[in-house]
Structures are given as structure tokens and as C-alpha cells.
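As provided, my_file.tsv (TSV, C-alpha atoms) reads as follows.
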```tsv
chain	number	residue	atom	x	y	z
A	1	MET	CA	43.22	-32.20	40.36
A	2	THR	CA	39.64	-33.43	40.21
A	3	ILE	CA	37.16	-30.89	41.58
A	4	ARG	CA	34.68	-32.52	43.93
A	5	LEU	CA	31.26	-30.95	43.45
A	6	GLY	CA	28.26	-30.94	45.73
A	7	LEU	CA	24.90	-30.66	43.96
A	8	ILE	CA	22.03	-29.16	45.95
A	9	GLY	CA	18.66	-29.86	44.35
A	10	ALA	CA	17.91	-33.04	42.38
A	11	GLY	CA	14.89	-31.87	40.42
A	12	LEU	CA	14.73	-31.13	36.69
A	13	MET	CA	17.63	-28.66	36.61
A	14	GLY	CA	19.66	-30.47	39.24
A	15	ALA	CA	19.47	-33.72	37.28
A	16	ASP	CA	20.60	-31.89	34.14
A	17	HIS	CA	23.58	-30.40	35.99
A	18	ALA	CA	24.46	-33.86	37.30
A	19	ARG	CA	24.47	-35.28	33.76
A	20	ILE	CA	26.70	-32.44	32.56
A	21	ILE	CA	29.15	-33.16	35.38
A	22	ALA	CA	29.15	-36.87	34.55
A	23	LEU	CA	29.37	-36.58	30.76
A	24	ASP	CA	30.97	-33.23	29.91
A	25	LEU	CA	33.28	-32.22	32.78
A	26	PRO	CA	36.18	-34.70	32.98
A	27	ASP	CA	37.99	-32.54	35.56
A	28	ALA	CA	35.06	-32.74	38.01
A	29	SER	CA	33.36	-35.46	40.01
A	30	LEU	CA	29.93	-35.46	41.60
A	31	GLN	CA	30.70	-36.03	45.27
A	32	VAL	CA	27.25	-35.70	46.83
A	33	VAL	CA	23.65	-35.07	45.71
A	34	CYS	CA	21.51	-33.24	48.25
A	35	ASP	CA	17.72	-33.13	48.11
A	36	MET	CA	14.85	-33.18	50.57
A	37	ASP	CA	13.55	-36.29	48.76
A	38	PRO	CA	16.12	-39.08	49.35
A	39	THR	CA	14.61	-41.25	46.62
A	40	ARG	CA	15.11	-38.50	44.05
A	41	ALA	CA	18.63	-37.79	45.34
A	42	ARG	CA	19.54	-41.48	45.14
A	43	ALA	CA	18.22	-41.79	41.57
A	44	VAL	CA	20.36	-38.86	40.38
A	45	ALA	CA	23.38	-40.04	42.36
A	46	ASP	CA	23.20	-43.58	40.97
A	47	ALA	CA	22.69	-42.36	37.40
A	48	CYS	CA	25.63	-39.94	37.53
A	49	GLY	CA	28.12	-41.71	39.76
A	50	ALA	CA	27.86	-39.63	42.92
A	51	ALA	CA	29.60	-41.00	45.99
A	52	ASP	CA	26.93	-39.97	48.50
A	53	ILE	CA	23.49	-38.41	49.06
A	54	ALA	CA	22.32	-35.98	51.75
A	55	SER	CA	19.33	-33.91	52.80
A	56	ASP	CA	20.94	-30.99	54.70
A	57	PRO	CA	22.33	-28.40	52.25
A	58	GLU	CA	24.29	-26.39	54.80
A	59	ALA	CA	25.98	-29.56	56.04
A	60	VAL	CA	26.94	-30.38	52.45
A	61	ILE	CA	28.42	-26.89	51.99
A	62	ALA	CA	30.55	-27.43	55.12
A	63	ARG	CA	31.89	-30.85	54.07
A	64	GLU	CA	35.65	-31.09	53.68
A	65	ASP	CA	35.28	-33.47	50.73
A	66	VAL	CA	33.27	-30.89	48.75
A	67	ASP	CA	35.36	-28.28	46.92
A	68	ALA	CA	32.54	-26.27	45.30
A	69	LEU	CA	28.77	-26.31	44.87
A	70	ILE	CA	26.12	-26.21	42.17
A	71	VAL	CA	22.73	-25.15	43.53
A	72	ALA	CA	19.48	-25.92	41.69
A	73	SER	CA	17.10	-25.96	44.67
A	74	PRO	CA	13.89	-23.86	44.90
A	75	ASP	CA	14.26	-20.12	44.31
A	76	PHE	CA	13.63	-19.08	47.93
A	77	THR	CA	16.72	-21.03	49.05
A	78	HIS	CA	19.17	-19.32	46.70
A	79	ALA	CA	20.08	-16.28	48.79
A	80	PRO	CA	20.49	-18.18	52.09
A	81	LEU	CA	22.61	-20.85	50.40
A	82	SER	CA	24.71	-18.18	48.68
A	83	LEU	CA	25.40	-16.67	52.08
A	84	ALA	CA	26.32	-20.09	53.46
A	85	CYS	CA	28.80	-20.65	50.61
A	86	ILE	CA	30.35	-17.20	51.13
A	87	HIS	CA	30.74	-17.84	54.86
A	88	ALA	CA	32.28	-21.25	54.13
A	89	GLY	CA	34.69	-19.74	51.60
A	90	LYS	CA	33.42	-21.99	48.80
A	91	LYS	CA	32.53	-21.10	45.24
A	92	VAL	CA	29.03	-21.81	43.98
A	93	LEU	CA	27.24	-21.86	40.65
A	94	MET	CA	23.82	-20.65	41.74
A	95	GLU	CA	20.85	-21.12	39.44
A	96	LYS	CA	18.95	-17.89	38.85
A	97	PRO	CA	17.47	-15.98	40.57
A	98	LEU	CA	19.88	-14.92	43.29
A	99	SER	CA	16.63	-13.80	44.91
A	100	GLN	CA	13.40	-12.24	43.70
A	101	SER	CA	13.92	-9.65	46.46
A	102	PRO	CA	16.34	-6.84	45.52
A	103	ALA	CA	16.91	-6.19	49.24
A	104	GLN	CA	17.94	-9.82	49.76
A	105	CYS	CA	20.27	-9.59	46.75
A	106	LEU	CA	21.92	-6.56	48.36
A	107	GLU	CA	22.40	-8.60	51.54
A	108	VAL	CA	24.32	-11.23	49.57
A	109	ILE	CA	26.29	-8.51	47.77
A	110	GLY	CA	27.26	-7.04	51.14
A	111	ALA	CA	28.43	-10.41	52.44
A	112	GLU	CA	30.48	-11.16	49.34
A	113	THR	CA	32.02	-7.70	49.31
A	114	ARG	CA	33.02	-7.99	52.97
A	115	SER	CA	34.59	-11.38	52.29
A	116	GLY	CA	37.01	-9.74	49.87
A	117	ALA	CA	36.69	-12.49	47.25
A	118	ARG	CA	34.30	-13.72	44.58
A	119	HIS	CA	32.26	-16.77	45.53
A	120	VAL	CA	28.95	-16.68	43.61
A	121	MET	CA	28.56	-17.21	39.87
A	122	LEU	CA	24.92	-16.83	38.84
A	123	GLY	CA	23.36	-19.20	36.30
A	124	PHE	CA	22.19	-16.80	33.59
A	125	MET	CA	23.32	-19.33	30.98
A	126	ARG	CA	22.14	-17.35	27.94
A	127	ARG	CA	25.36	-15.33	28.20
A	128	TYR	CA	27.05	-18.52	26.95
A	129	ASP	CA	24.63	-19.09	24.05
A	130	ARG	CA	26.24	-18.69	20.64
A	131	ALA	CA	23.45	-16.52	19.19
A	132	TYR	CA	23.73	-13.88	21.90
A	133	ALA	CA	27.54	-14.10	21.74
A	134	GLU	CA	27.45	-13.35	18.01
A	135	MET	CA	25.09	-10.41	18.57
A	136	ARG	CA	27.40	-8.97	21.21
A	137	ALA	CA	30.46	-9.51	19.01
A	138	ALA	CA	28.83	-7.82	16.01
A	139	LEU	CA	27.92	-4.83	18.14
A	140	GLY	CA	31.38	-4.65	19.68
A	141	ALA	CA	33.04	-4.81	16.24
A	142	GLY	CA	31.01	-1.80	15.07
A	143	ARG	CA	29.16	-3.76	12.39
A	144	LEU	CA	25.72	-2.47	13.46
A	145	GLY	CA	26.53	1.18	14.11
A	146	ARG	CA	24.94	2.71	17.17
A	147	PRO	CA	22.44	0.28	18.76
A	148	LEU	CA	18.89	1.62	18.72
A	149	MET	CA	16.52	-1.19	19.70
A	150	MET	CA	16.52	-4.79	20.82
A	151	HIS	CA	13.36	-6.84	20.32
A	152	ASN	CA	12.92	-10.07	22.27
A	153	PHE	CA	10.29	-12.76	22.63
A	154	HIS	CA	10.20	-15.70	25.01
A	155	ARG	CA	7.45	-18.27	24.47
A	156	ASN	CA	6.56	-21.46	26.32
A	157	VAL	CA	4.03	-24.17	25.54
A	158	GLU	CA	2.00	-23.47	28.68
A	159	THR	CA	2.34	-22.02	32.16
A	160	PRO	CA	4.21	-24.24	34.64
A	161	ALA	CA	1.48	-24.01	37.31
A	162	ALA	CA	-2.25	-23.34	37.52
A	163	ASP	CA	-1.71	-20.28	39.72
A	164	PHE	CA	0.79	-18.65	37.33
A	165	THR	CA	0.09	-14.95	36.74
A	166	GLY	CA	1.15	-12.16	34.43
A	167	ALA	CA	3.29	-10.72	37.22
A	168	MET	CA	5.05	-14.08	37.51
A	169	ALA	CA	5.85	-13.96	33.80
A	170	ILE	CA	7.84	-10.83	34.64
A	171	THR	CA	9.46	-12.10	37.83
A	172	ASN	CA	10.06	-15.75	36.79
A	173	SER	CA	10.50	-15.81	33.00
A	174	ALA	CA	11.63	-12.34	31.88
A	175	PRO	CA	14.77	-12.09	34.10
A	176	HIS	CA	16.67	-14.10	31.46
A	177	GLU	CA	15.90	-11.31	28.96
A	178	PHE	CA	16.57	-8.57	31.49
A	179	ASP	CA	20.04	-10.00	32.07
A	180	VAL	CA	21.13	-11.01	28.59
A	181	VAL	CA	20.02	-7.72	27.03
A	182	ARG	CA	22.07	-5.83	29.66
A	183	HIS	CA	24.97	-8.12	28.76
A	184	VAL	CA	24.67	-7.67	24.98
A	185	LEU	CA	24.10	-3.90	25.03
A	186	GLY	CA	26.30	-3.10	28.03
A	187	CYS	CA	23.47	-0.96	29.40
A	188	GLU	CA	21.39	-0.29	32.48
A	189	TYR	CA	17.64	0.26	32.40
A	190	THR	CA	16.00	3.51	33.48
A	191	SER	CA	12.29	2.69	33.08
A	192	ILE	CA	9.86	-0.12	32.30
A	193	SER	CA	6.21	-0.36	31.29
A	194	ALA	CA	4.16	-3.56	30.97
A	195	SER	CA	0.76	-4.54	29.61
A	196	GLN	CA	-1.22	-7.57	28.44
A	197	PRO	CA	-3.62	-8.20	25.55
A	198	ARG	CA	-6.94	-9.92	26.23
A	199	ARG	CA	-7.23	-13.64	25.50
A	200	SER	CA	-10.48	-15.40	24.62
A	201	ASP	CA	-10.09	-17.79	27.56
A	202	SER	CA	-8.93	-17.75	31.18
A	203	ARG	CA	-5.29	-18.59	30.46
A	204	VAL	CA	-2.57	-16.08	31.31
A	205	ALA	CA	-2.15	-13.67	28.40
A	206	PRO	CA	1.24	-12.60	27.05
A	207	VAL	CA	3.02	-9.78	28.86
A	208	VAL	CA	4.67	-7.12	26.71
A	209	MET	CA	7.30	-4.87	28.28
A	210	VAL	CA	9.02	-1.76	26.96
A	211	LEU	CA	12.23	-0.70	28.67
A	212	GLU	CA	14.42	2.36	28.19
A	213	THR	CA	18.17	2.31	28.80
A	214	GLY	CA	20.46	4.97	30.16
A	215	ASP	CA	22.06	5.27	26.72
A	216	GLY	CA	18.76	5.94	24.96
A	217	GLN	CA	17.93	2.50	23.55
A	218	ILE	CA	14.46	0.96	23.50
A	219	VAL	CA	14.09	-2.71	24.48
A	220	THR	CA	10.91	-4.70	23.92
A	221	ILE	CA	10.26	-8.04	25.62
A	222	GLU	CA	7.28	-10.32	25.02
A	223	VAL	CA	6.78	-13.23	27.41
A	224	ASN	CA	4.06	-15.62	26.29
A	225	ASN	CA	3.76	-18.54	28.68
A	226	ASN	CA	0.80	-20.05	26.81
A	227	ALA	CA	2.06	-19.95	23.23
A	228	ALA	CA	0.95	-23.60	22.72
A	229	TYR	CA	3.12	-24.37	19.68
A	230	GLY	CA	6.47	-24.90	21.45
A	231	TYR	CA	9.40	-23.34	23.26
A	232	ASP	CA	10.68	-20.42	21.20
A	233	VAL	CA	13.14	-17.66	22.11
A	234	ARG	CA	14.39	-15.13	19.59
A	235	ALA	CA	15.82	-11.64	19.46
A	236	GLU	CA	16.71	-8.89	17.00
A	237	LEU	CA	19.26	-6.16	17.65
A	238	VAL	CA	18.74	-3.09	15.46
A	239	GLY	CA	21.52	-0.59	14.86
A	240	GLU	CA	21.78	2.53	12.78
A	241	THR	CA	23.52	0.72	9.90
A	242	ALA	CA	22.52	-2.96	10.24
A	243	SER	CA	20.54	-5.43	12.31
A	244	ILE	CA	21.24	-8.94	13.53
A	245	SER	CA	18.58	-11.54	14.32
A	246	MET	CA	18.57	-14.85	16.15
A	247	ASN	CA	17.40	-17.80	14.07
A	248	HIS	CA	15.09	-20.54	15.30
A	249	VAL	CA	17.36	-23.49	16.12
A	250	ALA	CA	16.20	-26.66	14.35
A	251	TYR	CA	18.46	-29.37	12.93
A	252	THR	CA	15.94	-30.67	10.41
A	253	ARG	CA	13.02	-29.48	8.32
A	254	MET	CA	10.21	-31.71	7.05
A	255	GLU	CA	9.01	-31.26	3.46
A	256	GLY	CA	5.84	-33.04	2.37
A	257	ALA	CA	2.14	-32.78	1.55
A	258	LEU	CA	2.66	-29.37	-0.05
A	259	ALA	CA	4.11	-27.97	3.18
A	260	SER	CA	7.39	-27.33	4.96
A	261	SER	CA	7.79	-27.51	8.74
A	262	ALA	CA	10.41	-27.35	11.50
A	263	ALA	CA	9.97	-28.77	14.99
A	264	TYR	CA	10.07	-26.86	18.28
A	265	ASP	CA	11.39	-28.07	21.62
A	266	ALA	CA	8.96	-28.63	24.48
A	267	ASP	CA	11.11	-26.62	26.90
A	268	TRP	CA	14.41	-24.76	27.23
A	269	ARG	CA	16.80	-27.59	28.04
A	270	GLY	CA	17.62	-28.80	24.54
A	271	ARG	CA	17.87	-25.29	23.12
A	272	TYR	CA	20.38	-24.21	25.77
A	273	HIS	CA	22.21	-27.45	26.52
A	274	GLU	CA	25.47	-26.27	24.96
A	275	ALA	CA	25.20	-22.97	26.84
A	276	TYR	CA	24.82	-24.86	30.12
A	277	VAL	CA	27.88	-26.98	29.33
A	278	ALA	CA	29.96	-23.90	28.46
A	279	GLN	CA	28.74	-22.13	31.61
A	280	ASN	CA	29.61	-25.09	33.84
A	281	ARG	CA	33.07	-25.39	32.29
A	282	ALA	CA	33.61	-21.70	32.99
A	283	PHE	CA	32.56	-22.30	36.59
A	284	LEU	CA	35.20	-25.04	36.94
A	285	GLY	CA	37.78	-22.55	35.67
A	286	PHE	CA	36.63	-20.13	38.35
A	287	VAL	CA	37.04	-22.80	41.03
A	288	GLU	CA	40.50	-23.77	39.76
A	289	THR	CA	41.96	-20.27	39.28
A	290	GLY	CA	39.90	-17.94	41.48
A	291	LEU	CA	39.44	-15.67	38.45
A	292	PHE	CA	35.80	-14.79	37.79
A	293	PRO	CA	34.80	-15.72	34.21
A	294	GLU	CA	34.77	-12.76	31.84
A	295	ILE	CA	31.16	-13.03	30.69
A	296	ALA	CA	29.53	-14.74	33.68
A	297	ALA	CA	26.77	-13.16	35.76
A	298	ASP	CA	27.56	-12.18	39.34
A	299	CYS	CA	25.61	-11.07	42.41
A	300	TRP	CA	25.30	-7.52	41.07
A	301	ASP	CA	23.72	-8.88	37.88
A	302	GLY	CA	21.33	-10.87	40.06
A	303	TYR	CA	20.34	-7.69	41.90
A	304	CYS	CA	19.77	-5.82	38.63
A	305	ALA	CA	17.52	-8.56	37.25
A	306	ALA	CA	15.53	-8.72	40.50
A	307	LEU	CA	15.07	-4.95	40.67
A	308	VAL	CA	13.90	-4.68	37.06
A	309	ALA	CA	11.51	-7.62	37.59
A	310	GLU	CA	10.07	-6.09	40.74
A	311	THR	CA	9.64	-2.73	38.98
A	312	GLY	CA	8.08	-4.44	35.96
A	313	ALA	CA	5.49	-6.21	38.12
A	314	ARG	CA	4.65	-2.85	39.67
A	315	ALA	CA	4.31	-1.32	36.19
A	316	LEU	CA	1.93	-4.11	35.13
A	317	ALA	CA	-0.24	-3.43	38.19
A	318	SER	CA	-0.20	0.37	37.82
A	319	GLY	CA	-0.51	0.56	34.04
A	320	ALA	CA	2.13	3.31	34.09
A	321	LYS	CA	5.77	3.57	33.10
A	322	GLU	CA	7.81	3.05	36.25
A	323	PRO	CA	11.37	4.30	36.88
A	324	VAL	CA	14.06	1.74	37.63
A	325	ASN	CA	15.81	3.18	40.69
A	326	MET	CA	19.01	1.18	40.92
A	327	ALA	CA	21.48	1.34	43.77
A	328	SER	CA	25.07	2.38	43.06
A	329	ARG	CA	27.21	-0.44	41.77
A	330	PRO	CA	29.93	-1.37	44.29
A	331	ALA	CA	33.48	-0.98	42.99
A	332	PHE	CA	34.03	-4.63	43.98
A	333	TYR	CA	31.95	-5.71	40.96
A	334	GLU	CA	33.82	-3.59	38.45
A	335	SER	CA	36.59	-6.21	38.48
A	336	ARG	CA	36.46	-9.70	37.02
A	337	LYS	CA	39.04	-10.90	39.56
A	338	GLY	CA	38.44	-13.48	42.25
A	339	ASP	CA	40.55	-14.46	45.24
A	340	THR	CA	43.23	-11.99	44.18
A	341	LEU	CA	41.08	-9.07	45.36
```
Produce C-alpha cells that represent the structure in this file.
Amino acid sequence: MTIRLGLIGAGLMGADHARIIALDLPDASLQVVCDMDPTRARAVADACGAADIASDPEAVIAREDVDALIVASPDFTHAPLSLACIHAGKKVLMEKPLSQSPAQCLEVIGAETRSGARHVMLGFMRRYDRAYAEMRAALGAGRLGRPLMMHNFHRNVETPAADFTGAMAITNSAPHEFDVVRHVLGCEYTSISASQPRRSDSRVAPVVMVLETGDGQIVTIEVNNNAAYGYDVRAELVGETASISMNHVAYTRMEGALASSAAYDADWRGRYHEAYVAQNRAFLGFVETGLFPEIAADCWDGYCAALVAETGARALASGAKEPVNMASRPAFYESRKGDTL
């Protein structure tokens, strides 16, 4: 059976999801593209073979010819649209964040729990990246000994908007690290501190965070949104007996003029394309079987990332180490099951 997908949001990420559906998901079809800008919706629909366009996301969710949804609309719409999908009984791959408000995340968690079935898979695609998968596997196989530290940096060419701030580096960029480190280490955070060095200009300086886990690990995260040289994400996991590091991904290296060089991507999409494809295939499996994918992020993971981000922004403002006061995890999210709950 072909799964008929509704895509909500036809911007940069929405267009990428549409191309993945068209080129990499033979068991799915793009039924409708929904966007507030009909010209943008039509361009994506025509390029990727969608049958229809629309501008009302809740109407799209309710359509009988739409089996499941992929949502890549602005962040503030994610929680309301998650609730709409839960109420409609339809599964959704929701781009991160679930919400930047932990309280709003808990509202979605409550609705999903009361429904008795899984509906929301959250788009923390780095869980499907091979480098992080190999780190997690090495740790799980005992090849590193007890994990002690995980060092992470996340660098972009420049900030995405003129009004971008250090706090936004924590709430907009760092949640990918907050989530994937939890996933690799199997940990929860207990505290976070954050600070910035001083740049020579008015651009937003890097933000450096130090987090402690409940199992006694130290996690460092650097987010540099004005690194200038390219998009660059790397990590090192240090254990008592060995360490494992993520390599810079480059398919070629230039040698010449007494120098050697490798290129960097301008943004994240090339670096994580294969992770997005693997994630979207896992989502189709979820739609087909009702079984939540083993390594996917759920609403609880969205809450954890939002809470750590909110606490980190507070730590940056206060200059002090702040405790991460997490709610109790509902038993509902201990299972990877779906409609069988």
C-alpha cells in the first residue's frame, strides 16, 4: 500500500522532505503540500509530484486522502499541529522542536498519553547519522570502558538572522546536541552552565556549555554560529579505556601549491542528507506497523531538549550553574510500542 503523505511547510526543510519523498521513498506519495504562500507550495508540489496544494494545515490533517503528515512549518506551530494530529489519530514526523516551551511539550505529552497510542515522531535526525550510531555502538559493546566525557562542537558560517542572540544559540541550535548526547550516553542531565568569550566585533560570540549527567559524566557543547569557515559538527566520546571521535565528512581533498585542503558544506543539509532519508524511512515503518522506531525521538525527548535549552538560557543570563529540574518520565514513554498500547 502506498502511504499518502501531507507535507505542512514548503520552505527550506519542507522542500527537502518533499524531495526525499519523491526520490527515496517508493512506498510513499506526496498527496498535498500545505503552505501559507501558495506560490511556494505550488513550486514544491510541481517539482515533487504532489496531487494538490493547500493553505490550511488543520484541514490537511483532517483529509481522508492523507494517511500521515510531515511537518516543517515554523517552530511555534509544532505543538498545536502535534495536538491536531493526535486528535485526528494520525501519525506525524514533526521537525524539531516539539516546542521551545517545556510546559507546552508537557501538554502534548498529556494528549498523546491520554490517546493511548503513539502519534508523534520528532525530527532529531542526528540519531540516524552513522557517526553517532557508531559512537553509541562502541559504547554499548564495552569498547570504551565507562564513559567519562563527551565533547561537542556545532559551527555555522553565520547567524541565520540579524537579531540572533547567544540565548538563541542555546534554544535553537544546541537542542540537537542536547538530544543526541542523551541518546548516545543513555543519560539525563542534572545541571548546565553557559558562557561566551568576547569577540572583536558585534557578531554573536560562541556559547560554551558544560553539562553534568545523573551518572557523573561531563558534557561540553560549543555552539559557534559565526564560525565563518563553514558548517562543521564534530564530537568526541571519552571513556576510561578508549575514545572515539567523529571525523569531518569530506569526499575529496585538494593537494596543491604546497598545501592540502578539504571543503566544508555551507549548511547542514548535505552533511545529514542520509540521516534524513533513514529517519523518513523509519517514519514510514511507524505509519505502516504502528511500532515506534527503536532509536527515534518522541515527545518526551522533545520535552527534555526544551527543558535543558530553557535552563541553559537561564544559566547564560545568570552566569551560574543551574539545576535541570526534570519532570518524572511517564511510563507510557518507556515502551517503544505504538498502537498496540
query = Which residue, A:Arg281, A:Ser193, A:Arg203, A:Arg118, has the smallest gap to Ser318 (chain A) when you use all atoms listed in the file?
reply = A:Ser193
Using only C-alpha atoms, determine which residues lie at most 9 Å from Leu30 (chain A), disregarding the query and same-chain residues fewer than 3 positions distant; provide the list as a compact mmCIF listing (two decimals) with C-alpha atoms, in the frame of the given file.
```txt
# COMPACT_ATOMS: atom_id res chain seq x y z
CA ILE A 3 37.16 -30.89 41.58
CA ARG A 4 34.68 -32.52 43.93
CA LEU A 5 31.26 -30.95 43.45
CA GLY A 6 28.26 -30.94 45.73
CA LEU A 7 24.90 -30.66 43.96
CA ALA A 18 24.46 -33.86 37.30
CA ILE A 21 29.15 -33.16 35.38
CA ALA A 22 29.15 -36.87 34.55
CA VAL A 33 23.65 -35.07 45.71
CA ALA A 45 23.38 -40.04 42.36
CA CYS A 48 25.63 -39.94 37.53
CA GLY A 49 28.12 -41.71 39.76
CA ALA A 50 27.86 -39.63 42.92
CA ALA A 51 29.60 -41.00 45.99
CA ASP A 52 26.93 -39.97 48.50
```
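Between Leu307 (chain A) and the residues A:His87, A:His151, A:Val324, A:Pro74, the shortest atom-to-atom distance, using all atoms listed in the file, involves A:Val324.
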task = Kindly indicate which residue among A:Ala174, A:Val44, A:Ala331, A:Met121 lies nearest to Glu294 (chain A), using all atoms listed in the file for the distances.
result = A:Met121
ask   = What does the distance from CA of Ile192 (chain A) to CA of Thr171 (chain A) come to in Å, to one decimal?
value =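 Going from CA of Ile192 (chain A) over to CA of Thr171 (chain A), I get 13.2 Å.
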ask   = Need the neighbours of (26.6, -8.7, 19.4): which residues are at most 12 Å away, counting all atoms listed in the file, as a ChimeraX atom specification?
value = /A:127,129-147,150,180-186,235-239,242-246
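Counting only C-alpha atoms, the residue from A:Ala320, A:Ile8, A:Val233, A:Val157 that sits nearest to Arg126 (chain A) is A:Val233.
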query = With all atoms listed in the file as the atoms that count, which of A:Thr241, A:Pro80, A:Lys90, A:Ala10 lies nearest to Glu288 (chain A)?
reply =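 Checking each of A:Thr241, A:Pro80, A:Lys90, A:Ala10 against Glu288 (chain A), counting all atoms listed in the file, the winner is A:Lys90.
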Quick one: region 205-214 of chain A with all heavy atoms, as a short mmCIF file (atom, residue, chain, number, x, y, z; two decimals), in the coordinates of the input?
```
data_model
loop_
_atom_site.label_atom_id
_atom_site.label_comp_id
_atom_site.auth_asym_id
_atom_site.auth_seq_id
_atom_site.Cartn_x
_atom_site.Cartn_y
_atom_site.Cartn_z
N ALA A 205 -2.47 -14.30 29.68
CA ALA A 205 -2.15 -13.67 28.40
C ALA A 205 -0.68 -13.28 28.36
O ALA A 205 -0.01 -13.17 29.40
CB ALA A 205 -3.02 -12.43 28.21
N PRO A 206 -0.14 -13.07 27.15
CA PRO A 206 1.24 -12.60 27.05
C PRO A 206 1.43 -11.27 27.79
O PRO A 206 0.49 -10.48 27.94
CB PRO A 206 1.45 -12.40 25.55
CG PRO A 206 0.40 -13.25 24.90
CD PRO A 206 -0.77 -13.25 25.83
N VAL A 207 2.64 -11.06 28.26
CA VAL A 207 3.02 -9.78 28.86
C VAL A 207 4.03 -9.12 27.92
O VAL A 207 5.00 -9.76 27.50
CB VAL A 207 3.64 -9.98 30.25
CG1 VAL A 207 4.09 -8.64 30.83
CG2 VAL A 207 2.65 -10.65 31.18
N VAL A 208 3.78 -7.87 27.60
CA VAL A 208 4.67 -7.12 26.71
C VAL A 208 5.26 -5.96 27.50
O VAL A 208 4.53 -5.16 28.10
CB VAL A 208 3.93 -6.60 25.47
CG1 VAL A 208 4.88 -5.78 24.59
CG2 VAL A 208 3.33 -7.75 24.68
N MET A 209 6.58 -5.91 27.53
CA MET A 209 7.30 -4.87 28.28
C MET A 209 8.09 -3.98 27.33
O MET A 209 8.62 -4.46 26.32
CB MET A 209 8.25 -5.52 29.29
CG MET A 209 7.57 -6.21 30.45
SD MET A 209 8.57 -7.54 31.16
CE MET A 209 8.13 -8.91 30.08
N VAL A 210 8.17 -2.71 27.67
CA VAL A 210 9.02 -1.76 26.96
C VAL A 210 9.94 -1.12 27.99
O VAL A 210 9.48 -0.57 28.99
CB VAL A 210 8.19 -0.67 26.24
CG1 VAL A 210 9.12 0.31 25.53
CG2 VAL A 210 7.22 -1.31 25.24
N LEU A 211 11.24 -1.24 27.75
CA LEU A 211 12.23 -0.70 28.67
C LEU A 211 13.08 0.35 27.96
O LEU A 211 13.33 0.25 26.75
CB LEU A 211 13.15 -1.80 29.21
CG LEU A 211 12.49 -2.94 29.97
CD1 LEU A 211 12.24 -4.13 29.07
CD2 LEU A 211 13.32 -3.36 31.16
N GLU A 212 13.50 1.35 28.69
CA GLU A 212 14.42 2.36 28.19
C GLU A 212 15.76 2.19 28.91
O GLU A 212 15.79 1.84 30.09
CB GLU A 212 13.86 3.76 28.42
CG GLU A 212 12.56 4.02 27.67
CD GLU A 212 11.92 5.34 28.05
OE1 GLU A 212 11.85 5.63 29.27
OE2 GLU A 212 11.49 6.06 27.14
N THR A 213 16.84 2.43 28.20
CA THR A 213 18.17 2.31 28.80
C THR A 213 18.76 3.69 29.05
O THR A 213 18.31 4.69 28.47
CB THR A 213 19.13 1.52 27.90
OG1 THR A 213 19.58 2.36 26.81
CG2 THR A 213 18.47 0.26 27.35
N GLY A 214 19.80 3.71 29.86
CA GLY A 214 20.46 4.97 30.16
C GLY A 214 21.17 5.57 28.98
O GLY A 214 21.50 6.76 28.99
#
```
